[in-house]
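Below is one structure, written out as structure tokens; the observations come after it.
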Amino acid sequence: MNIAIVTGASSGMGREFVLQLSEYVTVDEIWVIARRAAALESLQQEVSVPVRVLPLDLCDSASFTAIAGLLEAEKPNIRLLVNAAGCGKFGAYDRISAEEDVRMIDLNCTALVQMTRLCIPYMAPGSHIMKLASNSSWQPVPYITTYGATKAFVLSYSRSMNRELKARGIRCMSMNPGWVKTEFFTHALQTNDSEIQYFDRLYEARDCVATGLKDLYKTKKDYSIHGFPVRFQVFLVKHLPHSMVMDTWLNQQKKAKNNRGLTKELRT
């Protein structure tokens, strides 16, 4: 049985991957993983491929035991793994609890590595892995400190794994979007006062995912960036001192831009 696995599939980028992946890979089932069962179940009405709902919390080690058992029982051929599960908190470090910091590391880094290691034994040559990082991967980002650091890990891990897996014929890519209009903000802004208020551009999830899938299947890149403005920004960040980049970032945050409509209202 050929399958795709998408974590963080209940909303945002993960959900878009579920909706678009059939344009690039043919599978018998899509296994979708997130905490909200109802949101996952609604995907069954939106795609033509059978969807297997796995309502799991990837910060709970028992979830990986369950996934490992299911893989052992089914022995699928995993054609695509999308690690889109993640969380973030914006604001001064002392407004973010230690527990929230650790959860970002657990979900954005530890769970991603766990999923990768569980799935690789079930992947054949021609399989693909997409890992959702961020434009914050490229430099230190004050007031998005822990989140940015976790995404720097994702970028480095993905690019290195792409080299290691080349001999097995498996492609691994990091996806590094700029600001994307998703539910991410409703959680990230909960701890934010006015530290982060400048959003240069807001992109649509469907457009970023379309670019990511195209880059994963049609190019030899090991990272994907949607939009020329973001690509140009990354070019500059790579060539400027990080102290200058951080100064520029902090000066930008003194003036609000494109923050209307970004809500802190949590959804269930």
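Chain identifiers are assigned as A, B, and so on, following the order in which chains appear in the structure tokens; residues are numbered from 1 within each chain, and ligands are numbered from 1 in order of appearance.
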
Please report, as JSON lines, each residue of region 184-228 of chain A lying at most 10 Å from region 1-20 of chain A, together with the nearest pair of atoms and the separation in Å rounded to one decimal; use only C-alpha atoms, and order rows by chain and ascending residue number.
```
{"residue": "A:Phe184", "atom": "CA", "partner": "A:Gly12", "partner_atom": "CA", "distance": 7.5}
{"residue": "A:Glu204", "atom": "CA", "partner": "A:Met13", "partner_atom": "CA", "distance": 9.2}
{"residue": "A:Ala205", "atom": "CA", "partner": "A:Met13", "partner_atom": "CA", "distance": 5.5}
{"residue": "A:Arg206", "atom": "CA", "partner": "A:Glu16", "partner_atom": "CA", "distance": 5.9}
{"residue": "A:Asp207", "atom": "CA", "partner": "A:Glu16", "partner_atom": "CA", "distance": 9.2}
{"residue": "A:Cys208", "atom": "CA", "partner": "A:Met13", "partner_atom": "CA", "distance": 8.1}
{"residue": "A:Val209", "atom": "CA", "partner": "A:Phe17", "partner_atom": "CA", "distance": 6.3}
{"residue": "A:Ala210", "atom": "CA", "partner": "A:Gln20", "partner_atom": "CA", "distance": 7.3}
{"residue": "A:Gly212", "atom": "CA", "partner": "A:Phe17", "partner_atom": "CA", "distance": 9.3}
{"residue": "A:Leu213", "atom": "CA", "partner": "A:Phe17", "partner_atom": "CA", "distance": 8.2}
```

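For region 223-233 of chain A, the list of residues within 7 Å, based on only C-alpha atoms and with local chain neighbours fewer than 3 positions off taken out, reads A:Met173, A:Ser174, A:Met175, A:Asn176, A:Pro177, A:Gly178, A:Cys208, A:Thr211, A:Gly212, A:Asp215, A:Leu236, A:Val237.
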
Limited to C-alpha atoms, could you put the picked residues into a file as a PDB file, in the first residue's frame?
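Once everything was written out, this is again_25.pdb:
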```
ATOM      1  CA  MET A 173      13.638  19.364   1.542  1.00  0.00           C
ATOM      2  CA  SER A 174      13.126  22.216   3.977  1.00  0.00           C
ATOM      3  CA  MET A 175      10.299  24.634   3.194  1.00  0.00           C
ATOM      4  CA  ASN A 176      11.020  28.178   4.411  1.00  0.00           C
ATOM      5  CA  PRO A 177       8.035  30.490   3.886  1.00  0.00           C
ATOM      6  CA  GLY A 178       7.662  34.066   5.028  1.00  0.00           C
ATOM      7  CA  CYS A 208       3.335  28.557  -0.506  1.00  0.00           C
ATOM      8  CA  THR A 211       5.612  26.299  -4.630  1.00  0.00           C
ATOM      9  CA  GLY A 212       6.964  23.837  -2.068  1.00  0.00           C
ATOM     10  CA  ASP A 215      10.279  22.538  -5.808  1.00  0.00           C
ATOM     11  CA  LEU A 236      20.716  39.653   1.953  1.00  0.00           C
ATOM     12  CA  VAL A 237      20.593  37.863   5.303  1.00  0.00           C
TER      13      VAL A 237
END
```

Please identify the strand (DSSP E) residues within region 131-258 of chain A (assignment by DSSP from backbone atoms) and present them as a PyMOL selection string. chain A and resi 131-132+171-175+223-224

Those same residues, written as an mmCIF file, in the first residue's frame with C-alpha atoms?
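Output file again-v6.cif is given in full below:
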```
data_model
loop_
_atom_site.group_PDB
_atom_site.id
_atom_site.type_symbol
_atom_site.label_atom_id
_atom_site.label_comp_id
_atom_site.auth_asym_id
_atom_site.auth_seq_id
_atom_site.Cartn_x
_atom_site.Cartn_y
_atom_site.Cartn_z
ATOM 1 C CA LYS A 131 9.858 19.597 6.477
ATOM 2 C CA LEU A 132 8.208 22.885 7.312
ATOM 3 C CA ARG A 171 14.708 13.483 -1.382
ATOM 4 C CA CYS A 172 14.456 15.666 1.711
ATOM 5 C CA MET A 173 13.638 19.364 1.542
ATOM 6 C CA SER A 174 13.126 22.216 3.977
ATOM 7 C CA MET A 175 10.299 24.634 3.194
ATOM 8 C CA TYR A 223 15.122 24.187 0.495
ATOM 9 C CA SER A 224 12.121 26.024 -0.922
#
```

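One distance worth recording is that between CA of Ala85 (chain A) and CA of Glu100 (chain A), which is 15.3 Å.
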
Shell around region 54-58 of chain A at 12 Å using only C-alpha atoms, local window under 3 positions removed, as a ChimeraX atom specification: /A:5-10,30-41,51,61-67,70,83-87,103-115

From region 71-175 of chain A, collect each residue whose DSSP state is helix (DSSP H, G or I) and return the set as a VMD selection string. chain A and resid 71 to 74 93 to 95 98 to 122 135 to 138 145 to 168
